[in-house]
Each structure stands twice: as C-alpha cells, then as structure tokens.
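**Q** The structure is given below, and queries will be raised subsequently.
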Amino acid sequence: MNIIYCIDLLGTMVFAISGAMAANRSGMDIFGATFTGFVTAIGGGSLRDVFLNLRPIWVDDSNYLIAILIGVLISIAGNRQLHRLARTLTFFDALGIGFFCVVGVQKSLTYESTQTAAVILGVFSAVMGGVIRDTLMNETPLIFRKEIYATACLSGAIIYMILGSWGVDTAINAFVSTLTVSVIRLAAVKYKLSLPGIGG
C-alpha cells in the first residue's frame with residue numbers, strides 16, 4: 001500500500017472517531033453515532049471524487065468501511081475516557097483535516113487537476129466532513145466561525161505543492177504537510193487565534 005492510501009484510510013478512521021464522538025456528546029444512540037461517524041468520514045472525500053468525475057472510493061474498497069467501523073468502535077468503547085478529555089474531539093478533528101487535506105491535493109494532481117484546483121480540492125476534502133458533522137449536530141460549522149480552520153488546510157495544501165515541486169519524498173512531504181495543518185489548527189484553538197472579521 002502506498003503512503004497516500006494509508007493516510008487516506010487513517011484519515012477516514014480519525015474522522016469516523018470525530019463524528020461518533022460528536023454524536024456521543026450529543027446523547028445519540030449507537031445507530032446515530034455510527035451514522036454520524038460514517039458521513040463525517042466519507043463526506044469530504046466523496047464530494048471531492050464527484051468533482052473529479054470519479055466513483056467515491058469507499059464504494060469499491062471495503063477497507064474504508066472497515067476503517068470507519070474501527071473508528072466508531074473506538075469512540076463507543078472509549079466514550080467515557082474520551083469524554084473526560086475536553087480537547088480530544090478537537091485533536092481528532094485537527095488530525096483528520098491534516099490527513100484529508102494531503103490526500104485531496106495528491107489525488108487531484110493524480111487525476112490531472114491544475115495546481116490551483118488541487119489546493120482547493122484539498123481544502124474541500126478536509127473541511128466538508130466536519131461541515132456535515134456539525135450540521136447534523138445542529139451547530140454552526142467551524143468553517144463558518146471566526147476560527148482558523150480552512151486557513152490551516154490551505155497552508156498545508158500549499159506547502160504540499162511547494163515541497164512536491166522541490167522533489168521532496170512523498171512520505172516526508174505528506175508528514176510535514178499533515179503536521180503543518182494539525183499544528184496550526186491546534187495552536188489556533190489553544191491560543192484563541194482567529195482571522196479578522198468583516199464589518200463593524
């Protein structure tokens with residue numbers, strides 16, 4: 001298995017944990033947690049694939065469904081322990097957007113998207129799962145709040161493009177770019193960083 005495929009599976013599992021945790025926090029039952037974990041995990045990637053005129057990969061590859069199931073089971077089995085950690089959901093979300101951003105950029109390039117389109121689709125892949133999750137939880141999606149969220153993904157996507165153009169090994173590039181997204185997002189939450197608002 002190549003590094004991008006492994007990262008995609010890992011990101012799918014992490015986002016499933018994130019979605020199921022959000023459902024658990026809202027008091028949903030097991031079915032609700034499983035459904036929320038599923039749509040959170042496949043949402044961004046599926047929409048990206050539609051834009052690339054591809055069948056969503058989880059339709060043909062059962063490993064993605066297994067990754068989602070594992071993520072949901074981790075969330076349910078460790079619900080009490082995870083619930084005690086107030087920042088755990090933020091951590092999994094930050095990790096998930098880092099993974100999916102890198103996968104989105106690379107897959108878009110593989111299917112001959114322009115560099116600009118690849119960056120946009122990388123950001124889109126990363127944030128849309130969270131948008132779906134927050135919408136199901138009846139919360140304002142993070143991307144629409146005054147928080148550094150999509151900007152973190154944009155930074156990681158651009159770094160991935162730059163390092164790729166310099167011939168950096170794909171595994172190293174993926175690690176650095178994923179880490180960049182996750183660290184920026186976690187730092188923004190910890191230090192309450194945000195972009196300037198519009199209007200008075």
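Naming works like this for the structure tokens: A, B, ... for the chains as they're shown, residue 1 at the start of each chain, ligands 1 onward in shown order.
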Using only C-alpha atoms, which residues of segment 1-30 of chain A come within 10 Å of segment 45-69 of chain A, and what is the closest atom pair for each, with the distance in Å to one decimal? Give it as CSV, sorted by chain and residue number.

**A**
residue,atom,partner,partner_atom,distance
A:Asp8,CA,A:Tyr64,CA,8.6
A:Leu9,CA,A:Tyr64,CA,6.1
A:Leu10,CA,A:Ala67,CA,7.4
A:Gly11,CA,A:Ala67,CA,9.0
A:Thr12,CA,A:Ile68,CA,6.3
A:Met13,CA,A:Ala67,CA,4.9
A:Val14,CA,A:Ile68,CA,8.3
A:Phe15,CA,A:Ile68,CA,8.2
A:Ala16,CA,A:Ile68,CA,5.4
A:Ile17,CA,A:Ile68,CA,8.0
A:Ala20,CA,A:Ile68,CA,9.8

**Q** Quick one: write out the picked residues with C-alpha atoms as an mmCIF file, in the first residue's frame?

**A**
data_model
loop_
_atom_site.group_PDB
_atom_site.id
_atom_site.type_symbol
_atom_site.label_atom_id
_atom_site.label_comp_id
_atom_site.auth_asym_id
_atom_site.auth_seq_id
_atom_site.Cartn_x
_atom_site.Cartn_y
_atom_site.Cartn_z
ATOM 1 C CA ASP A 8 -6.484 8.179 3.441
ATOM 2 C CA LEU A 9 -7.522 5.123 5.462
ATOM 3 C CA LEU A 10 -6.106 6.626 8.644
ATOM 4 C CA GLY A 11 -7.865 9.931 7.991
ATOM 5 C CA THR A 12 -11.114 8.070 7.380
ATOM 6 C CA MET A 13 -10.806 6.295 10.725
ATOM 7 C CA VAL A 14 -9.894 9.507 12.568
ATOM 8 C CA PHE A 15 -12.844 11.401 11.111
ATOM 9 C CA ALA A 16 -15.137 8.492 11.996
ATOM 10 C CA ILE A 17 -13.926 8.840 15.592
ATOM 11 C CA ALA A 20 -19.024 9.434 16.507
#

**Q** Residues near segment 184-191 of chain A, anyone? I mean within 9 Å using only C-alpha atoms, not counting same-chain ones fewer than 6 positions away, as a PyMOL selection string.

**A** chain A and resi 90-91+94+147-153+155

**Q** For those residues, write N, CA and C atoms to a file as a PDB file, in the first residue's frame.

**A**
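After the write, again34.pdb holds the following:
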ATOM      1  N   THR A  90     -11.285  18.016  19.384  1.00  0.00           N
ATOM      2  CA  THR A  90     -10.502  18.982  18.614  1.00  0.00           C
ATOM      3  C   THR A  90      -9.244  18.334  18.052  1.00  0.00           C
ATOM      4  N   PHE A  91      -8.602  17.479  18.856  1.00  0.00           N
ATOM      5  CA  PHE A  91      -7.384  16.806  18.410  1.00  0.00           C
ATOM      6  C   PHE A  91      -7.666  15.899  17.214  1.00  0.00           C
ATOM      7  N   ALA A  94      -8.445  17.975  14.140  1.00  0.00           N
ATOM      8  CA  ALA A  94      -7.245  18.590  13.573  1.00  0.00           C
ATOM      9  C   ALA A  94      -6.408  17.564  12.813  1.00  0.00           C
ATOM     10  N   GLU A 147     -12.710  31.217  13.228  1.00  0.00           N
ATOM     11  CA  GLU A 147     -11.634  30.365  13.697  1.00  0.00           C
ATOM     12  C   GLU A 147     -10.715  30.028  12.537  1.00  0.00           C
ATOM     13  N   ILE A 148      -9.466  29.752  12.856  1.00  0.00           N
ATOM     14  CA  ILE A 148      -8.516  29.321  11.825  1.00  0.00           C
ATOM     15  C   ILE A 148      -8.720  27.831  11.611  1.00  0.00           C
ATOM     16  N   TYR A 149      -9.398  27.502  10.536  1.00  0.00           N
ATOM     17  CA  TYR A 149      -9.761  26.111  10.241  1.00  0.00           C
ATOM     18  C   TYR A 149      -9.417  25.801   8.786  1.00  0.00           C
ATOM     19  N   ALA A 150     -10.176  26.377   7.870  1.00  0.00           N
ATOM     20  CA  ALA A 150      -9.868  26.179   6.455  1.00  0.00           C
ATOM     21  C   ALA A 150      -8.512  26.796   6.113  1.00  0.00           C
ATOM     22  N   THR A 151      -8.145  27.875   6.816  1.00  0.00           N
ATOM     23  CA  THR A 151      -6.852  28.513   6.571  1.00  0.00           C
ATOM     24  C   THR A 151      -5.703  27.573   6.892  1.00  0.00           C
ATOM     25  N   ALA A 152      -5.865  26.767   7.933  1.00  0.00           N
ATOM     26  CA  ALA A 152      -4.838  25.778   8.274  1.00  0.00           C
ATOM     27  C   ALA A 152      -4.683  24.765   7.141  1.00  0.00           C
ATOM     28  N   CYS A 153      -5.813  24.338   6.588  1.00  0.00           N
ATOM     29  CA  CYS A 153      -5.787  23.388   5.459  1.00  0.00           C
ATOM     30  C   CYS A 153      -5.138  24.018   4.234  1.00  0.00           C
ATOM     31  N   SER A 155      -2.889  26.322   4.166  1.00  0.00           N
ATOM     32  CA  SER A 155      -1.442  26.390   4.403  1.00  0.00           C
ATOM     33  C   SER A 155      -0.785  25.045   4.127  1.00  0.00           C
TER      34      SER A 155
END

**Q** At what distance in Å, to one decimal, does atom CA of Ile97 of chain A lie from atom CA of Glu139 of chain A?

**A** 18.3 Å

**Q** Of the residues A:Leu142, A:Val123, A:Val105, A:Ala41, which is the one nearest to Gly19 of chain A, using only C-alpha atoms?

**A**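 The closest residue to Gly19 of chain A is A:Ala41.
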
**Q** Skipping near chain neighbours, those fewer than 6 positions away, what residues fall within 6 Å of Gly44 of chain A using only C-alpha atoms, listed as a PyMOL selection string?

**A** chain A and resi 125+128-129

**Q** One number please: atom CA of Ala117 of chain A to atom CA of Leu154 of chain A, in Å, one decimal.

**A**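 Rounded to one decimal, the two atoms are 11.8 Å apart.
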
**Q** Which distance in Å separates atom CA of Gln106 of chain A and atom CA of Asp93 of chain A, to one decimal?

**A**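 Calculated distance between atom CA of Gln106 of chain A and atom CA of Asp93 of chain A is 20.1 Å.
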
**Q** I'd like the contact shell of segment 21-33 of chain A - 10 Å cut-off, only C-alpha atoms, skipping same-chain residues fewer than 5 positions apart - returned as a PDB file with all heavy atoms, in the first residue's frame.

**A**
ATOM      1  N   PHE A  15     -11.623  10.614  11.267  1.00  0.00           N
ATOM      2  CA  PHE A  15     -12.844  11.401  11.111  1.00  0.00           C
ATOM      3  C   PHE A  15     -14.070  10.632  11.590  1.00  0.00           C
ATOM      4  O   PHE A  15     -15.033  11.224  12.076  1.00  0.00           O
ATOM      5  CB  PHE A  15     -13.035  11.837   9.653  1.00  0.00           C
ATOM      6  CG  PHE A  15     -12.695  13.279   9.427  1.00  0.00           C
ATOM      7  CD1 PHE A  15     -12.107  13.704   8.245  1.00  0.00           C
ATOM      8  CD2 PHE A  15     -12.974  14.239  10.390  1.00  0.00           C
ATOM      9  CE1 PHE A  15     -11.793  15.042   8.029  1.00  0.00           C
ATOM     10  CE2 PHE A  15     -12.671  15.584  10.184  1.00  0.00           C
ATOM     11  CZ  PHE A  15     -12.076  15.979   9.005  1.00  0.00           C
ATOM     12  N   ALA A  16     -14.042   9.296  11.449  1.00  0.00           N
ATOM     13  CA  ALA A  16     -15.137   8.492  11.996  1.00  0.00           C
ATOM     14  C   ALA A  16     -15.179   8.627  13.515  1.00  0.00           C
ATOM     15  O   ALA A  16     -16.252   8.742  14.121  1.00  0.00           O
ATOM     16  CB  ALA A  16     -14.975   7.030  11.591  1.00  0.00           C
ATOM     17  N   PHE A  38     -19.955   7.728  10.047  1.00  0.00           N
ATOM     18  CA  PHE A  38     -19.848   7.338   8.640  1.00  0.00           C
ATOM     19  C   PHE A  38     -19.869   8.556   7.713  1.00  0.00           C
ATOM     20  O   PHE A  38     -18.980   8.721   6.873  1.00  0.00           O
ATOM     21  CB  PHE A  38     -20.987   6.382   8.281  1.00  0.00           C
ATOM     22  CG  PHE A  38     -21.022   5.987   6.835  1.00  0.00           C
ATOM     23  CD1 PHE A  38     -20.156   5.025   6.346  1.00  0.00           C
ATOM     24  CD2 PHE A  38     -21.934   6.579   5.960  1.00  0.00           C
ATOM     25  CE1 PHE A  38     -20.180   4.663   5.000  1.00  0.00           C
ATOM     26  CE2 PHE A  38     -21.967   6.220   4.625  1.00  0.00           C
ATOM     27  CZ  PHE A  38     -21.088   5.257   4.142  1.00  0.00           C
ATOM     28  N   GLY A  71     -13.127   3.050  13.720  1.00  0.00           N
ATOM     29  CA  GLY A  71     -13.194   4.368  14.332  1.00  0.00           C
ATOM     30  C   GLY A  71     -14.409   4.529  15.225  1.00  0.00           C
ATOM     31  O   GLY A  71     -14.317   5.051  16.347  1.00  0.00           O
ATOM     32  N   VAL A  72     -15.559   4.080  14.743  1.00  0.00           N
ATOM     33  CA  VAL A  72     -16.792   4.174  15.530  1.00  0.00           C
ATOM     34  C   VAL A  72     -16.688   3.319  16.784  1.00  0.00           C
ATOM     35  O   VAL A  72     -17.081   3.748  17.882  1.00  0.00           O
ATOM     36  CB  VAL A  72     -18.008   3.751  14.677  1.00  0.00           C
ATOM     37  CG1 VAL A  72     -19.263   3.618  15.549  1.00  0.00           C
ATOM     38  CG2 VAL A  72     -18.249   4.766  13.561  1.00  0.00           C
ATOM     39  N   LEU A  73     -16.146   2.108  16.653  1.00  0.00           N
ATOM     40  CA  LEU A  73     -15.998   1.221  17.804  1.00  0.00           C
ATOM     41  C   LEU A  73     -15.047   1.807  18.846  1.00  0.00           C
ATOM     42  O   LEU A  73     -15.295   1.701  20.057  1.00  0.00           O
ATOM     43  CB  LEU A  73     -15.498  -0.152  17.355  1.00  0.00           C
ATOM     44  CG  LEU A  73     -16.505  -1.005  16.568  1.00  0.00           C
ATOM     45  CD1 LEU A  73     -15.859  -2.289  16.087  1.00  0.00           C
ATOM     46  CD2 LEU A  73     -17.742  -1.299  17.415  1.00  0.00           C
ATOM     47  N   ILE A  74     -13.964   2.435  18.388  1.00  0.00           N
ATOM     48  CA  ILE A  74     -13.037   3.093  19.319  1.00  0.00           C
ATOM     49  C   ILE A  74     -13.756   4.190  20.089  1.00  0.00           C
ATOM     50  O   ILE A  74     -13.612   4.326  21.314  1.00  0.00           O
ATOM     51  CB  ILE A  74     -11.830   3.687  18.565  1.00  0.00           C
ATOM     52  CG1 ILE A  74     -10.924   2.563  18.057  1.00  0.00           C
ATOM     53  CG2 ILE A  74     -11.034   4.641  19.464  1.00  0.00           C
ATOM     54  CD1 ILE A  74      -9.795   3.047  17.155  1.00  0.00           C
ATOM     55  N   SER A  75     -14.561   4.968  19.370  1.00  0.00           N
ATOM     56  CA  SER A  75     -15.296   6.058  20.008  1.00  0.00           C
ATOM     57  C   SER A  75     -16.307   5.544  21.026  1.00  0.00           C
ATOM     58  O   SER A  75     -16.423   6.082  22.137  1.00  0.00           O
ATOM     59  CB  SER A  75     -16.009   6.899  18.939  1.00  0.00           C
ATOM     60  OG  SER A  75     -16.801   7.899  19.540  1.00  0.00           O
ATOM     61  N   ILE A  76     -17.029   4.492  20.656  1.00  0.00           N
ATOM     62  CA  ILE A  76     -18.059   3.953  21.555  1.00  0.00           C
ATOM     63  C   ILE A  76     -17.431   3.256  22.760  1.00  0.00           C
ATOM     64  O   ILE A  76     -17.829   3.474  23.905  1.00  0.00           O
ATOM     65  CB  ILE A  76     -18.985   2.985  20.787  1.00  0.00           C
ATOM     66  CG1 ILE A  76     -19.804   3.755  19.749  1.00  0.00           C
ATOM     67  CG2 ILE A  76     -19.925   2.252  21.755  1.00  0.00           C
ATOM     68  CD1 ILE A  76     -20.630   2.879  18.825  1.00  0.00           C
ATOM     69  N   GLY A  78     -14.454   3.674  24.022  1.00  0.00           N
ATOM     70  CA  GLY A  78     -13.713   4.583  24.889  1.00  0.00           C
ATOM     71  C   GLY A  78     -14.462   5.864  25.195  1.00  0.00           C
ATOM     72  O   GLY A  78     -13.848   6.883  25.526  1.00  0.00           O
ATOM     73  N   ASN A  79     -15.799   5.820  25.079  1.00  0.00           N
ATOM     74  CA  ASN A  79     -16.599   7.035  25.214  1.00  0.00           C
ATOM     75  C   ASN A  79     -16.356   7.766  26.527  1.00  0.00           C
ATOM     76  O   ASN A  79     -16.142   8.979  26.551  1.00  0.00           O
ATOM     77  CB  ASN A  79     -18.089   6.694  25.072  1.00  0.00           C
ATOM     78  CG  ASN A  79     -18.970   7.927  25.153  1.00  0.00           C
ATOM     79  OD1 ASN A  79     -18.642   8.967  24.605  1.00  0.00           O
ATOM     80  ND2 ASN A  79     -20.091   7.809  25.841  1.00  0.00           N
ATOM     81  N   ARG A  80     -16.383   7.031  27.628  1.00  0.00           N
ATOM     82  CA  ARG A  80     -16.216   7.677  28.935  1.00  0.00           C
ATOM     83  C   ARG A  80     -14.833   8.299  29.087  1.00  0.00           C
ATOM     84  O   ARG A  80     -14.694   9.418  29.566  1.00  0.00           O
ATOM     85  CB  ARG A  80     -16.460   6.664  30.055  1.00  0.00           C
ATOM     86  CG  ARG A  80     -17.909   6.220  30.177  1.00  0.00           C
ATOM     87  CD  ARG A  80     -18.103   5.316  31.372  1.00  0.00           C
ATOM     88  NE  ARG A  80     -19.504   4.908  31.507  1.00  0.00           N
ATOM     89  CZ  ARG A  80     -19.954   4.107  32.469  1.00  0.00           C
ATOM     90  NH1 ARG A  80     -19.104   3.619  33.377  1.00  0.00           N
ATOM     91  NH2 ARG A  80     -21.228   3.790  32.528  1.00  0.00           N
ATOM     92  N   LEU A  82     -12.749   9.167  26.631  1.00  0.00           N
ATOM     93  CA  LEU A  82     -12.578  10.268  25.693  1.00  0.00           C
ATOM     94  C   LEU A  82     -13.394  11.489  26.119  1.00  0.00           C
ATOM     95  O   LEU A  82     -12.976  12.630  25.920  1.00  0.00           O
ATOM     96  CB  LEU A  82     -13.002   9.821  24.278  1.00  0.00           C
ATOM     97  CG  LEU A  82     -12.140   8.739  23.630  1.00  0.00           C
ATOM     98  CD1 LEU A  82     -12.747   8.302  22.300  1.00  0.00           C
ATOM     99  CD2 LEU A  82     -10.722   9.228  23.419  1.00  0.00           C
ATOM    100  N   HIS A  83     -14.557  11.247  26.704  1.00  0.00           N
ATOM    101  CA  HIS A  83     -15.430  12.347  27.104  1.00  0.00           C
ATOM    102  C   HIS A  83     -14.775  13.202  28.188  1.00  0.00           C
ATOM    103  O   HIS A  83     -15.024  14.400  28.284  1.00  0.00           O
ATOM    104  CB  HIS A  83     -16.765  11.807  27.615  1.00  0.00           C
ATOM    105  CG  HIS A  83     -17.766  12.878  27.936  1.00  0.00           C
ATOM    106  ND1 HIS A  83     -18.354  13.658  26.964  1.00  0.00           N
ATOM    107  CD2 HIS A  83     -18.267  13.319  29.136  1.00  0.00           C
ATOM    108  CE1 HIS A  83     -19.189  14.516  27.531  1.00  0.00           C
ATOM    109  NE2 HIS A  83     -19.138  14.337  28.850  1.00  0.00           N
ATOM    110  N   THR A  88     -10.188  16.321  23.205  1.00  0.00           N
ATOM    111  CA  THR A  88      -9.956  15.147  22.358  1.00  0.00           C
ATOM    112  C   THR A  88     -10.616  15.290  20.994  1.00  0.00           C
ATOM    113  O   THR A  88     -10.027  14.949  19.965  1.00  0.00           O
ATOM    114  CB  THR A  88     -10.477  13.873  23.054  1.00  0.00           C
ATOM    115  OG1 THR A  88      -9.867  13.760  24.337  1.00  0.00           O
ATOM    116  CG2 THR A  88     -10.139  12.645  22.237  1.00  0.00           C
ATOM    117  N   LEU A  89     -11.853  15.796  20.969  1.00  0.00           N
ATOM    118  CA  LEU A  89     -12.557  15.969  19.704  1.00  0.00           C
ATOM    119  C   LEU A  89     -11.798  16.935  18.805  1.00  0.00           C
ATOM    120  O   LEU A  89     -11.658  16.700  17.604  1.00  0.00           O
ATOM    121  CB  LEU A  89     -13.980  16.477  19.953  1.00  0.00           C
ATOM    122  CG  LEU A  89     -14.840  16.742  18.708  1.00  0.00           C
ATOM    123  CD1 LEU A  89     -14.952  15.478  17.857  1.00  0.00           C
ATOM    124  CD2 LEU A  89     -16.226  17.219  19.103  1.00  0.00           C
ATOM    125  N   PHE A  92      -8.695  15.063  17.318  1.00  0.00           N
ATOM    126  CA  PHE A  92      -9.026  14.147  16.220  1.00  0.00           C
ATOM    127  C   PHE A  92      -9.453  14.919  14.975  1.00  0.00           C
ATOM    128  O   PHE A  92      -9.143  14.532  13.849  1.00  0.00           O
ATOM    129  CB  PHE A  92     -10.112  13.165  16.648  1.00  0.00           C
ATOM    130  CG  PHE A  92      -9.603  12.026  17.476  1.00  0.00           C
ATOM    131  CD1 PHE A  92     -10.003  11.868  18.788  1.00  0.00           C
ATOM    132  CD2 PHE A  92      -8.704  11.118  16.944  1.00  0.00           C
ATOM    133  CE1 PHE A  92      -9.519  10.815  19.564  1.00  0.00           C
ATOM    134  CE2 PHE A  92      -8.214  10.056  17.707  1.00  0.00           C
ATOM    135  CZ  PHE A  92      -8.622   9.912  19.023  1.00  0.00           C
ATOM    136  N   ARG A 133     -20.782  16.956   9.750  1.00  0.00           N
ATOM    137  CA  ARG A 133     -20.901  16.566  11.167  1.00  0.00           C
ATOM    138  C   ARG A 133     -21.561  17.663  11.996  1.00  0.00           C
ATOM    139  O   ARG A 133     -22.513  17.426  12.742  1.00  0.00           O
ATOM    140  CB  ARG A 133     -19.510  16.265  11.733  1.00  0.00           C
ATOM    141  CG  ARG A 133     -19.490  15.888  13.220  1.00  0.00           C
ATOM    142  CD  ARG A 133     -18.105  16.061  13.789  1.00  0.00           C
ATOM    143  NE  ARG A 133     -17.681  17.452  13.742  1.00  0.00           N
ATOM    144  CZ  ARG A 133     -16.436  17.842  13.476  1.00  0.00           C
ATOM    145  NH1 ARG A 133     -15.495  16.959  13.234  1.00  0.00           N
ATOM    146  NH2 ARG A 133     -16.137  19.123  13.434  1.00  0.00           N
ATOM    147  N   ASP A 134     -21.064  18.892  11.862  1.00  0.00           N
ATOM    148  CA  ASP A 134     -21.593  19.999  12.668  1.00  0.00           C
ATOM    149  C   ASP A 134     -23.037  20.314  12.297  1.00  0.00           C
ATOM    150  O   ASP A 134     -23.846  20.663  13.165  1.00  0.00           O
ATOM    151  CB  ASP A 134     -20.723  21.243  12.485  1.00  0.00           C
ATOM    152  CG  ASP A 134     -19.329  21.072  13.075  1.00  0.00           C
ATOM    153  OD1 ASP A 134     -19.149  20.144  13.894  1.00  0.00           O
ATOM    154  OD2 ASP A 134     -18.432  21.848  12.717  1.00  0.00           O
ATOM    155  N   LEU A 136     -25.273  18.130  11.230  1.00  0.00           N
ATOM    156  CA  LEU A 136     -26.088  17.088  11.853  1.00  0.00           C
ATOM    157  C   LEU A 136     -26.251  17.332  13.356  1.00  0.00           C
ATOM    158  O   LEU A 136     -27.275  16.972  13.941  1.00  0.00           O
ATOM    159  CB  LEU A 136     -25.463  15.709  11.624  1.00  0.00           C
ATOM    160  CG  LEU A 136     -25.522  15.164  10.191  1.00  0.00           C
ATOM    161  CD1 LEU A 136     -24.728  13.871  10.091  1.00  0.00           C
ATOM    162  CD2 LEU A 136     -26.960  14.940   9.756  1.00  0.00           C
ATOM    163  N   MET A 137     -25.246  17.943  13.974  1.00  0.00           N
ATOM    164  CA  MET A 137     -25.300  18.247  15.405  1.00  0.00           C
ATOM    165  C   MET A 137     -26.034  19.560  15.685  1.00  0.00           C
ATOM    166  O   MET A 137     -26.110  20.018  16.811  1.00  0.00           O
ATOM    167  CB  MET A 137     -23.879  18.346  15.975  1.00  0.00           C
ATOM    168  CG  MET A 137     -23.069  17.063  15.921  1.00  0.00           C
ATOM    169  SD  MET A 137     -23.792  15.703  16.858  1.00  0.00           S
ATOM    170  CE  MET A 137     -24.550  14.766  15.532  1.00  0.00           C
ATOM    171  N   ASN A 138     -26.557  20.176  14.611  1.00  0.00           N
ATOM    172  CA  ASN A 138     -27.268  21.448  14.727  1.00  0.00           C
ATOM    173  C   ASN A 138     -26.361  22.546  15.291  1.00  0.00           C
ATOM    174  O   ASN A 138     -26.787  23.385  16.094  1.00  0.00           O
ATOM    175  CB  ASN A 138     -28.524  21.299  15.597  1.00  0.00           C
ATOM    176  CG  ASN A 138     -29.518  22.430  15.378  1.00  0.00           C
ATOM    177  OD1 ASN A 138     -29.588  23.017  14.294  1.00  0.00           O
ATOM    178  ND2 ASN A 138     -30.280  22.759  16.402  1.00  0.00           N
TER     179      ASN A 138
END

**Q** Which parts of chain A does DSSP call alpha helix (DSSP H) when run on the backbone here, written out as a VMD selection string?

**A** chain A and resid 3 to 25 30 to 51 57 to 60 62 to 77 79 to 84 88 to 110 115 to 136 150 to 165 170 to 190

**Q** Just checking: using only C-alpha atoms, which residue out of A:Leu163, A:Ile4, A:Leu109, A:Ala157 ends up closest to Ser182 of chain A?

**A**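 That would be A:Ala157, the residue with the smallest distance to Ser182 of chain A.
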
**Q** Which is closest to Ile143 of chain A among A:Val131, A:Val168, A:Ile162, A:Ile120, if we use only C-alpha atoms?

**A** A:Val131
